[in-house]
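S.K.: Below: one structure in C-alpha cells.
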Amino acid sequence: MKKLQTTAKILIGMAMPLLMLLLIVIGVERFAGDEAWLKKEYDRLEINDYTGMSTEDQIRAFMQMVHYMRGEADSMDVTVKVNGEEMLMYNETEVSHMFDVRALYKKVMIGKWCAVGIIAAAAVFSLIAFRGKEEKRELLRFAAKTLIFAFVGILLFLLVLGLWAILDFDSFWRVFHIVFLDLESSTFDPAASRMIRICPAELFGDMVMRIFVFGLAVGAVLAAAAAVYLFATRRNNRNTLKTVK
C-alpha cells in the first residue's frame with residue numbers, strides 16, 4: 001500500500017503542473033478560432049487598405065489557417081479578393097510553413113491527452129491507495145499544496161513570457177519559431193506574403209495575452225479554492241493532534 005501511496009503522490013506532483021499547462025492549451029483551442037473576436041480585432045486595427053482585402057475575406061483566410069492547423073481542412077486553399085482581383089490566398093511557402101505548424105499542433109494535442117492521462121491516473125491511484133477518511137484528507141491537503149506551488153510556478157513563467165511579449169513581441173515571436181519551428185521557412189516579406197499582412201504582430205500579441213489571461217484566471221480560481229481548503233482543514237488537523245496527545 002505504501003508503494004501505491006508513493007506512486008499516487010508522484011503522479012499528483014506531475015499532474016498539477018500539467019493541469020496548469022493544460023489550461024493554456026485549452027485557451028489556444030478556445031480562442032484561436034474565435035471569429036467574433038477576430039472581427040473586432042480587424043475592425044480595430046483597420047488594415048483593409050494595407051491588405052487590399054475586406055474584413056470578411058481576412059477572417060475567412062485566417063480561419064482557413066486555423067481549420068488546416070487543427071486538421072479540419074485538407075488544404076490551405078481559399079479564394080479571396082485582393083484589390084478587387086480574385087485569387088488564391090496562400091502561396092507555396094506559406095502552405096509549407098502551415099504544414100509545419102499543423103505538425104506542431106498535432107504534437108501539442110498528443111501532449112494534451114498524455115497530460116489528461118496522467119491526471120486521470122493520479123486520480124485513480126489516489127482513490128485506490130488512500131481509503132481512510134484521515135488519509136484522504138491528508139492526500140487532498142498534499143494535492144492542494146502541490147496545486148498552489150504549480151500555479152505560482154506557471155504564473156511566474158507566464159508573467160515572464162507575457163512581459164517579454166508586451167515589451168518586444170517581435171523577438172518573442174522569433175524565439176518561439178526558433179524553438180518550435182524552422183525560422184527560415186517561417187520568415188516572410190510582408191510585401192510578398194498575404195499571410196503576414198492579415199496576421200500583424202498586434203493581432204497575435206492580443207491573442208497570446210488573451211490565452212495567458214484565461215489560463216491564469218482559471219488557475220487562480222483553482223489555487224484559491226485549494227488555499228481555502230487548506231485553511232478550512234488546518235483547524236481540524238490541530239484538533240486531531242490534540243485528541244491524539
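We name chains A, B, ... following the order of the C-alpha cells; residues begin at 1 in each chain, and ligands are numbered from 1 as shown.
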Give one line per residue of stretch 174-200 of chain A that approaches stretch 52-67 of chain A to at most 12 Å, naming the two atoms of the closest pair and their distance in Å to one decimal, counting only C-alpha atoms; sort by chain then ascending residue number and deliver it as JSON lines.
M.R.:
{"residue": "A:Ala191", "atom": "CA", "partner": "A:Gly52", "partner_atom": "CA", "distance": 12.0}
{"residue": "A:Arg194", "atom": "CA", "partner": "A:Gly52", "partner_atom": "CA", "distance": 9.5}
{"residue": "A:Met195", "atom": "CA", "partner": "A:Phe62", "partner_atom": "CA", "distance": 8.2}
{"residue": "A:Ile196", "atom": "CA", "partner": "A:Phe62", "partner_atom": "CA", "distance": 10.5}
{"residue": "A:Arg197", "atom": "CA", "partner": "A:Gln58", "partner_atom": "CA", "distance": 9.4}
{"residue": "A:Ile198", "atom": "CA", "partner": "A:Gln58", "partner_atom": "CA", "distance": 6.3}
{"residue": "A:Cys199", "atom": "CA", "partner": "A:Phe62", "partner_atom": "CA", "distance": 8.0}
{"residue": "A:Pro200", "atom": "CA", "partner": "A:Phe62", "partner_atom": "CA", "distance": 11.6}
S.K.: To test your reading of the structure, identify every residue in stretch 10-184 of chain A that backbone DSSP assigns to helix (DSSP H, G or I), and report it as a PyMOL selection string.
M.R.: chain A and resi 10-31+35-45+48-51+55-70+92-129+133-167+169-180+184
S.K.: Where does DSSP see strand (DSSP E or B) in stretch 13-231 of chain A, if you list the residues as a ChimeraX atom specification?
M.R.: /A:79-82,85-88
S.K.: Quick one: residues within 12 Å of stretch 102-117 of chain A, only C-alpha atoms, excluding same-chain residues fewer than 5 positions away - as a PyMOL selection string?
M.R.: chain A and resi 11-12+14-26+28-29+32+65-76+95-97+122-124+176-177+179-182
S.K.: Those residues you just picked out, can you put them in a file as a PDB file, in the first residue's frame with C-alpha atoms?
M.R.:
ATOM      1  CA  LEU A  11       1.566  11.294 -10.094  1.00  0.00           C
ATOM      2  CA  ILE A  12      -0.105  14.189  -8.294  1.00  0.00           C
ATOM      3  CA  MET A  14       3.299  15.590 -12.098  1.00  0.00           C
ATOM      4  CA  ALA A  15      -0.424  16.198 -12.619  1.00  0.00           C
ATOM      5  CA  MET A  16      -0.730  19.656 -11.052  1.00  0.00           C
ATOM      6  CA  PRO A  17       1.834  21.458 -13.262  1.00  0.00           C
ATOM      7  CA  LEU A  18       0.390  19.610 -16.249  1.00  0.00           C
ATOM      8  CA  LEU A  19      -3.080  20.818 -15.259  1.00  0.00           C
ATOM      9  CA  MET A  20      -1.849  24.420 -15.296  1.00  0.00           C
ATOM     10  CA  LEU A  21      -0.275  23.933 -18.738  1.00  0.00           C
ATOM     11  CA  LEU A  22      -3.439  22.200 -19.898  1.00  0.00           C
ATOM     12  CA  LEU A  23      -5.347  25.401 -19.199  1.00  0.00           C
ATOM     13  CA  ILE A  24      -3.100  27.234 -21.676  1.00  0.00           C
ATOM     14  CA  VAL A  25      -3.706  24.576 -24.324  1.00  0.00           C
ATOM     15  CA  ILE A  26      -7.450  24.846 -23.719  1.00  0.00           C
ATOM     16  CA  VAL A  28      -5.402  28.069 -27.519  1.00  0.00           C
ATOM     17  CA  GLU A  29      -8.195  25.734 -28.620  1.00  0.00           C
ATOM     18  CA  ALA A  32      -7.609  30.613 -31.890  1.00  0.00           C
ATOM     19  CA  MET A  65      -5.349  28.592 -41.422  1.00  0.00           C
ATOM     20  CA  VAL A  66      -6.988  27.593 -38.151  1.00  0.00           C
ATOM     21  CA  HIS A  67      -9.039  24.806 -39.750  1.00  0.00           C
ATOM     22  CA  TYR A  68      -5.972  23.470 -41.562  1.00  0.00           C
ATOM     23  CA  MET A  69      -3.846  23.643 -38.405  1.00  0.00           C
ATOM     24  CA  ARG A  70      -6.468  21.667 -36.478  1.00  0.00           C
ATOM     25  CA  GLY A  71      -6.779  19.065 -39.226  1.00  0.00           C
ATOM     26  CA  GLU A  72     -10.329  20.166 -40.030  1.00  0.00           C
ATOM     27  CA  ALA A  73      -9.378  21.113 -43.614  1.00  0.00           C
ATOM     28  CA  ASP A  74      -7.307  19.087 -46.060  1.00  0.00           C
ATOM     29  CA  SER A  75      -5.699  22.101 -47.731  1.00  0.00           C
ATOM     30  CA  MET A  76      -4.996  25.789 -47.288  1.00  0.00           C
ATOM     31  CA  VAL A  95       1.397  26.461 -47.167  1.00  0.00           C
ATOM     32  CA  SER A  96       4.704  24.746 -46.325  1.00  0.00           C
ATOM     33  CA  HIS A  97       5.003  26.820 -43.158  1.00  0.00           C
ATOM     34  CA  ALA A 122      -3.250  10.310 -10.394  1.00  0.00           C
ATOM     35  CA  ALA A 123      -6.953  10.335  -9.508  1.00  0.00           C
ATOM     36  CA  VAL A 124      -7.313   6.557  -9.891  1.00  0.00           C
ATOM     37  CA  PHE A 176       9.204  30.859 -30.476  1.00  0.00           C
ATOM     38  CA  HIS A 177       9.809  29.949 -34.123  1.00  0.00           C
ATOM     39  CA  VAL A 179      12.495  26.723 -30.689  1.00  0.00           C
ATOM     40  CA  PHE A 180       9.406  25.091 -32.181  1.00  0.00           C
ATOM     41  CA  LEU A 181       9.583  25.686 -35.948  1.00  0.00           C
ATOM     42  CA  ASP A 182      12.082  26.338 -38.700  1.00  0.00           C
TER      43      ASP A 182
END
S.K.: Leaving out A:Leu45 and any residue of its chain fewer than 3 positions from it, which residues lie within 10 Å of it when counting only C-alpha atoms, given as a list in words?
M.R.: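 Listing them by chain and then by number gives Lys39, Lys40, Glu41, Tyr42, Asn48, Pro200, Glu202 and Leu203 of chain A.
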S.K.: How would the residues just picked look written out with N, CA and C atoms as a compact mmCIF listing (two decimals), in the first residue's frame?
M.R.:
# COMPACT_ATOMS: atom_id res chain seq x y z
N LYS A 39 -13.13 39.62 -35.79
CA LYS A 39 -13.77 40.75 -36.45
C LYS A 39 -13.51 42.05 -35.68
N LYS A 40 -13.63 41.98 -34.35
CA LYS A 40 -13.36 43.16 -33.54
C LYS A 40 -11.92 43.62 -33.70
N GLU A 41 -11.00 42.66 -33.74
CA GLU A 41 -9.58 42.99 -33.89
C GLU A 41 -9.31 43.64 -35.25
N TYR A 42 -9.84 43.05 -36.31
CA TYR A 42 -9.62 43.61 -37.64
C TYR A 42 -10.26 44.98 -37.78
N ASN A 48 -7.50 47.05 -43.70
CA ASN A 48 -8.08 46.69 -45.00
C ASN A 48 -7.31 47.29 -46.17
N PRO A 200 -0.88 40.70 -38.38
CA PRO A 200 0.08 41.64 -37.80
C PRO A 200 0.44 41.27 -36.37
N GLU A 202 0.31 42.96 -33.73
CA GLU A 202 -0.68 43.40 -32.74
C GLU A 202 -1.76 42.35 -32.54
N LEU A 203 -2.20 41.71 -33.62
CA LEU A 203 -3.24 40.70 -33.53
C LEU A 203 -2.75 39.49 -32.75
S.K.: Determine, for each residue of stretch 140-231 of chain A having at least one atom at most 12 Å from an atom of stretch 125-130 of chain A, the closest pair of atoms and their separation in Å to one decimal, counting only C-alpha atoms; order by chain and ascending number, as a Markdown table.
M.R.:
| residue | atom | partner | partner_atom | distance |
| --- | --- | --- | --- | --- |
| A:Leu140 | CA | A:Ser126 | CA | 9.5 |
| A:Phe142 | CA | A:Ser126 | CA | 11.3 |
| A:Ala143 | CA | A:Ser126 | CA | 10.2 |
S.K.: Taking N, CA and C atoms for each residue, export the selection above as a short mmCIF file (atom, residue, chain, number, x, y, z; two decimals), in the first residue's frame.
M.R.:
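Result file follows (part18.cif):
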data_model
loop_
_atom_site.label_atom_id
_atom_site.label_comp_id
_atom_site.auth_asym_id
_atom_site.auth_seq_id
_atom_site.Cartn_x
_atom_site.Cartn_y
_atom_site.Cartn_z
N LEU A 140 -5.68 15.12 0.07
CA LEU A 140 -6.25 16.33 -0.52
C LEU A 140 -5.44 17.56 -0.12
N PHE A 142 -2.22 17.52 0.50
CA PHE A 142 -1.00 17.42 -0.31
C PHE A 142 -1.27 17.90 -1.73
N ALA A 143 -2.40 17.47 -2.31
CA ALA A 143 -2.76 17.88 -3.67
C ALA A 143 -2.99 19.38 -3.74
#
S.K.: Have a look at atom CA of A:Val208 and atom CA of A:Glu92 and let me know their distance in Å, one decimal.
M.R.: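 Interatomic distance, atom CA of A:Val208 to atom CA of A:Glu92: 26.4 Å.
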S.K.: Please report the interatomic distance between atom CA of A:Ala225 and atom CA of A:Lys2 in Å with one decimal.
M.R.: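 Atom-to-atom, atom CA of A:Ala225 to atom CA of A:Lys2, that is 28.2 Å.
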S.K.: Determine, counting only C-alpha atoms, which protein, DNA and RNA residues have an atom within 12 Å of an atom of A:Asp170; residues of the same chain fewer than 3 positions away are not included. Present the result as a PyMOL selection string.
M.R.: chain A and resi 164-167+173-177+187+200-202+204-205
S.K.: Write out, as a PDB file, in the first residue's frame, the residues just selected, with C-alpha atoms.
M.R.:
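Result file follows (result28.pdb):
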ATOM      1  CA  TRP A 164       8.531  39.742 -22.934  1.00  0.00           C
ATOM      2  CA  ALA A 165       5.675  39.668 -25.461  1.00  0.00           C
ATOM      3  CA  ILE A 166       4.492  43.123 -24.353  1.00  0.00           C
ATOM      4  CA  LEU A 167       7.932  44.723 -24.447  1.00  0.00           C
ATOM      5  CA  TRP A 173       7.781  35.501 -31.814  1.00  0.00           C
ATOM      6  CA  ARG A 174      11.211  34.968 -33.374  1.00  0.00           C
ATOM      7  CA  VAL A 175      12.472  32.833 -30.470  1.00  0.00           C
ATOM      8  CA  PHE A 176       9.204  30.859 -30.476  1.00  0.00           C
ATOM      9  CA  HIS A 177       9.809  29.949 -34.123  1.00  0.00           C
ATOM     10  CA  THR A 187      10.191  34.342 -42.153  1.00  0.00           C
ATOM     11  CA  PRO A 200       0.080  41.644 -37.801  1.00  0.00           C
ATOM     12  CA  ALA A 201       2.054  41.457 -34.567  1.00  0.00           C
ATOM     13  CA  GLU A 202      -0.675  43.398 -32.745  1.00  0.00           C
ATOM     14  CA  PHE A 204      -1.040  37.827 -32.398  1.00  0.00           C
ATOM     15  CA  GLY A 205       0.090  39.796 -29.350  1.00  0.00           C
TER      16      GLY A 205
END
S.K.: Between atom CA of A:Thr51 and atom CA of A:Glu85, measure the distance and give it in Å to one decimal.
M.R.: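 If I compute the distance from atom CA of A:Thr51 to atom CA of A:Glu85, I get 12.4 Å.
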S.K.: Considering only C-alpha atoms, return as a list in words whatever protein or nucleic-acid residues lie within 6 Å of A:Val80, sequence-local ones (same chain, fewer than 5 positions apart) excluded.
M.R.: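 Here the qualifying residues turn out to be Asp57, Glu86, Met87 and Met89 of chain A.
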